[in-house]
Amino acid sequence: MRKVSYQFPNRCDIEFEADVTFPTFLDAMVSLADRQNNFRTAAGPTKCEISIFFAHDHLGFEKVTPGADISKTTTEAADILVTLTDTLLKASGNVPLNDHRFMIRTPEKGDRTEIFITKSPMIKGFDAMDMKMMILGALA
């Protein structure tokens with residue numbers, strides 16, 4: 001079943017192909033779900049949480065958790081929403097910073113996977129090229 005959304009924009013920021021099959025790509029995206037990365041910025045220690053959502057019923061997205069069997073139920077194409085949430089960690093309480101939202105469309109192309117990435121909204125920081133590197137890292 002195709003998992004596509006009518007919300008996907010008509011433009012994309014970056015397009016590339018990966019030398020993996022469509023199910024392998026979907027499994028790699030699911031493996032990114034609920035991960036977090038801690039790092040230090042000029043403002044202090046920061047946590048970045050990754051949330052992965054797959055298109056559902058052409059209108060919305062549903063959150064996936066690690067280990068979900070999306071690749072067994074999805075064929076032909078998938079739209080994926082990736083949200084990176086930055087939080088400044090302070091002793092007095094955590095302070096939410098940015099939400100970087102990426103929409104990814106991936107149609108099945110035999111033994112290769114074509115990937116389209118669009119960032120929305122254009123917040124300074126993590127960009128489409130960084131998302132490409134994150135995806136390629138998950139595929140490695």
# chains A, B, ... in the order shown; residues from 1 in each chain; ligands from 1
call {"tool": "select_by_dssp", "arguments": {"residues": "segment 4-131 of chain A", "states": "helix (DSSP H, G or I)", "output": "ChimeraX atom specification"}}
result
/A:22-31,70-73,128-131
call {"tool": "closest_atom_pairs", "arguments": {"of": "segment 52-85 of chain A", "to": "segment 96-111 of chain A", "cutoff": "8 Å", "atoms": "only C-alpha atoms", "output": "tab-separated table"}}
result
residue	atom	partner	partner_atom	distance
A:Thr75	CA	A:Glu108	CA	7.4
A:Glu76	CA	A:Glu108	CA	5.0
A:Ala77	CA	A:Pro107	CA	4.1
A:Ala78	CA	A:Thr106	CA	5.5
A:Asp79	CA	A:Arg105	CA	4.5
A:Ile80	CA	A:Ile104	CA	5.0
A:Leu81	CA	A:Met103	CA	4.6
A:Val82	CA	A:Phe102	CA	5.1
A:Thr83	CA	A:Arg101	CA	4.6
A:Leu84	CA	A:His100	CA	5.0
A:Thr85	CA	A:Asp99	CA	4.6
call {"tool": "write_last_selection", "arguments": {"atoms": "N, CA and C atoms", "output": "tab-separated table (two decimals), in the first residue's frame"}}
result
chain	number	residue	atom	x	y	z
A	75	THR	N	4.32	-0.19	-0.08
A	75	THR	CA	4.86	-0.46	-1.41
A	75	THR	C	4.76	0.80	-2.26
A	76	GLU	N	5.54	0.88	-3.29
A	76	GLU	CA	5.52	1.92	-4.32
A	76	GLU	C	6.05	3.27	-3.87
A	77	ALA	N	5.51	3.85	-2.80
A	77	ALA	CA	5.93	5.20	-2.39
A	77	ALA	C	5.58	5.44	-0.93
A	78	ALA	N	6.35	6.34	-0.31
A	78	ALA	CA	6.08	6.72	1.08
A	78	ALA	C	6.44	8.17	1.29
A	79	ASP	N	5.62	8.87	2.06
A	79	ASP	CA	5.93	10.22	2.52
A	79	ASP	C	6.22	10.13	4.00
A	80	ILE	N	7.31	10.76	4.40
A	80	ILE	CA	7.78	10.67	5.78
A	80	ILE	C	7.97	12.08	6.31
A	81	LEU	N	7.53	12.31	7.52
A	81	LEU	CA	7.76	13.58	8.21
A	81	LEU	C	8.77	13.31	9.31
A	82	VAL	N	9.87	14.05	9.29
A	82	VAL	CA	10.91	13.93	10.31
A	82	VAL	C	10.94	15.24	11.08
A	83	THR	N	10.82	15.15	12.40
A	83	THR	CA	10.86	16.33	13.25
A	83	THR	C	12.05	16.22	14.18
A	84	LEU	N	12.91	17.24	14.16
A	84	LEU	CA	14.04	17.33	15.07
A	84	LEU	C	13.72	18.43	16.07
A	85	THR	N	13.60	18.08	17.33
A	85	THR	CA	13.23	19.03	18.37
A	85	THR	C	14.43	19.30	19.26
call {"tool": "select_by_dssp", "arguments": {"residues": "segment 47-104 of chain A", "states": "strand (DSSP E)", "output": "number ranges by chain"}}
result
A: 47-56, 60-63, 77-88, 95-104
call {"tool": "atom_distance", "arguments": {"atom1": "atom CA of Ala42 of chain A", "atom2": "atom CA of Lys119 of chain A"}}
result
24.4 Å
call {"tool": "atom_distance", "arguments": {"atom1": "atom CA of Phe8 of chain A", "atom2": "atom CA of Glu62 of chain A"}}
result
14.7 Å
call {"tool": "closest_residue", "arguments": {"among": "A:Met134, A:Ala55, A:Ile14, A:Val64", "to": "Ala33 of chain A", "atoms": "only C-alpha atoms"}}
result
A:Val64
call {"tool": "atom_distance", "arguments": {"atom1": "atom CA of Pro23 of chain A", "atom2": "atom CA of Lys72 of chain A"}}
result
7.5 Å
call {"tool": "closest_residue", "arguments": {"among": "A:Phe22, A:Val4, A:Asp86, A:Phe54", "to": "Asn37 of chain A", "atoms": "only C-alpha atoms"}}
result
A:Asp86
call {"tool": "residues_around", "arguments": {"residues": "Ala43 of chain A", "least_positions_apart": "6", "cutoff": "10 Å", "atoms": "only C-alpha atoms", "output": "compact mmCIF listing (two decimals) with all heavy atoms, in the first residue's frame"}}
result
# COMPACT_ATOMS: atom_id res chain seq x y z
N LEU A 88 17.04 23.16 25.15
CA LEU A 88 18.15 23.63 25.97
C LEU A 88 17.97 23.06 27.37
O LEU A 88 16.91 23.23 27.99
CB LEU A 88 18.18 25.16 26.00
CG LEU A 88 19.33 25.82 26.73
CD1 LEU A 88 20.66 25.46 26.08
CD2 LEU A 88 19.13 27.33 26.74
N LEU A 89 18.98 22.36 27.86
CA LEU A 89 18.89 21.72 29.17
C LEU A 89 19.45 22.66 30.24
O LEU A 89 20.63 23.00 30.21
CB LEU A 89 19.67 20.40 29.16
CG LEU A 89 19.27 19.41 28.06
CD1 LEU A 89 20.21 18.22 28.05
CD2 LEU A 89 17.84 18.97 28.26
N LYS A 90 18.60 23.08 31.16
CA LYS A 90 19.01 23.99 32.23
C LYS A 90 18.58 23.41 33.57
O LYS A 90 17.59 22.68 33.66
CB LYS A 90 18.36 25.37 32.05
CG LYS A 90 18.85 26.13 30.86
CD LYS A 90 18.32 27.54 30.90
CE LYS A 90 19.14 28.38 29.98
NZ LYS A 90 19.33 29.71 30.48
call {"tool": "residues_around", "arguments": {"residues": "His58 of chain A", "least_positions_apart": "6", "cutoff": "8 Å", "atoms": "only C-alpha atoms", "output": "ChimeraX atom specification"}}
result
/A:3-6
call {"tool": "closest_residue", "arguments": {"among": "A:Leu59, A:Ala140, A:Ile117, A:Ala28", "to": "Arg11 of chain A", "atoms": "only C-alpha atoms"}}
result
A:Ile117
call {"tool": "residues_around", "arguments": {"residues": "Asn38 of chain A", "least_positions_apart": "5", "cutoff": "7 Å", "atoms": "only C-alpha atoms", "output": "mmCIF file with C-alpha atoms, in the first residue's frame"}}
result
data_model
loop_
_atom_site.group_PDB
_atom_site.id
_atom_site.type_symbol
_atom_site.label_atom_id
_atom_site.label_comp_id
_atom_site.auth_asym_id
_atom_site.auth_seq_id
_atom_site.Cartn_x
_atom_site.Cartn_y
_atom_site.Cartn_z
ATOM 1 C CA THR A 46 21.245 20.903 24.223
ATOM 2 C CA LYS A 47 19.255 17.778 23.411
ATOM 3 C CA CYS A 48 17.955 16.980 19.922
#
call {"tool": "residues_around", "arguments": {"residues": "Thr65 of chain A", "least_positions_apart": "2", "cutoff": "8 Å", "atoms": "only C-alpha atoms", "output": "list in words"}}
result
Val30, Ala33, Asp34, Ile52, Lys63, Gly67 and Ala68 of chain A
call {"tool": "write_last_selection", "arguments": {"atoms": "all heavy atoms", "output": "PDB file, in the first residue's frame"}}
result
ATOM      1  N   VAL A  30      12.908   4.056  10.042  1.00  0.00           N
ATOM      2  CA  VAL A  30      12.292   3.618  11.302  1.00  0.00           C
ATOM      3  C   VAL A  30      13.354   3.516  12.400  1.00  0.00           C
ATOM      4  O   VAL A  30      13.089   3.830  13.560  1.00  0.00           O
ATOM      5  CB  VAL A  30      11.538   2.280  11.110  1.00  0.00           C
ATOM      6  CG1 VAL A  30      11.139   1.671  12.433  1.00  0.00           C
ATOM      7  CG2 VAL A  30      10.316   2.490  10.232  1.00  0.00           C
ATOM      8  N   ALA A  33      13.821   6.587  14.558  1.00  0.00           N
ATOM      9  CA  ALA A  33      12.722   7.013  15.430  1.00  0.00           C
ATOM     10  C   ALA A  33      13.135   6.997  16.895  1.00  0.00           C
ATOM     11  O   ALA A  33      13.794   6.075  17.364  1.00  0.00           O
ATOM     12  CB  ALA A  33      11.508   6.117  15.223  1.00  0.00           C
ATOM     13  N   ASP A  34      12.750   8.040  17.592  1.00  0.00           N
ATOM     14  CA  ASP A  34      12.948   8.205  19.041  1.00  0.00           C
ATOM     15  C   ASP A  34      14.415   8.259  19.463  1.00  0.00           C
ATOM     16  O   ASP A  34      14.723   8.053  20.632  1.00  0.00           O
ATOM     17  CB  ASP A  34      12.224   7.100  19.821  1.00  0.00           C
ATOM     18  CG  ASP A  34      10.717   7.211  19.679  1.00  0.00           C
ATOM     19  OD1 ASP A  34      10.229   8.314  19.354  1.00  0.00           O
ATOM     20  OD2 ASP A  34      10.024   6.208  19.893  1.00  0.00           O
ATOM     21  N   ILE A  52       9.801  10.329  13.923  1.00  0.00           N
ATOM     22  CA  ILE A  52       9.516   9.904  12.553  1.00  0.00           C
ATOM     23  C   ILE A  52       8.022   9.614  12.428  1.00  0.00           C
ATOM     24  O   ILE A  52       7.445   8.886  13.248  1.00  0.00           O
ATOM     25  CB  ILE A  52      10.324   8.637  12.177  1.00  0.00           C
ATOM     26  CG1 ILE A  52      11.821   8.828  12.421  1.00  0.00           C
ATOM     27  CG2 ILE A  52      10.027   8.214  10.738  1.00  0.00           C
ATOM     28  CD1 ILE A  52      12.509   9.788  11.507  1.00  0.00           C
ATOM     29  N   LYS A  63       2.905   8.587  14.030  1.00  0.00           N
ATOM     30  CA  LYS A  63       4.242   8.400  14.581  1.00  0.00           C
ATOM     31  C   LYS A  63       4.594   6.915  14.610  1.00  0.00           C
ATOM     32  O   LYS A  63       3.741   6.079  14.907  1.00  0.00           O
ATOM     33  CB  LYS A  63       4.314   8.980  15.996  1.00  0.00           C
ATOM     34  CG  LYS A  63       5.704   8.976  16.575  1.00  0.00           C
ATOM     35  CD  LYS A  63       5.760   9.704  17.889  1.00  0.00           C
ATOM     36  CE  LYS A  63       7.206   9.706  18.369  1.00  0.00           C
ATOM     37  NZ  LYS A  63       7.376  10.427  19.586  1.00  0.00           N
ATOM     38  N   GLY A  67      11.436  -0.470  15.497  1.00  0.00           N
ATOM     39  CA  GLY A  67      10.968  -1.848  15.359  1.00  0.00           C
ATOM     40  C   GLY A  67       9.664  -1.998  14.607  1.00  0.00           C
ATOM     41  O   GLY A  67       9.205  -3.115  14.376  1.00  0.00           O
ATOM     42  N   ALA A  68       9.041  -0.886  14.197  1.00  0.00           N
ATOM     43  CA  ALA A  68       7.783  -0.971  13.446  1.00  0.00           C
ATOM     44  C   ALA A  68       8.032  -1.646  12.099  1.00  0.00           C
ATOM     45  O   ALA A  68       9.084  -1.480  11.494  1.00  0.00           O
ATOM     46  CB  ALA A  68       7.201   0.425  13.240  1.00  0.00           C
TER      47      ALA A  68
END
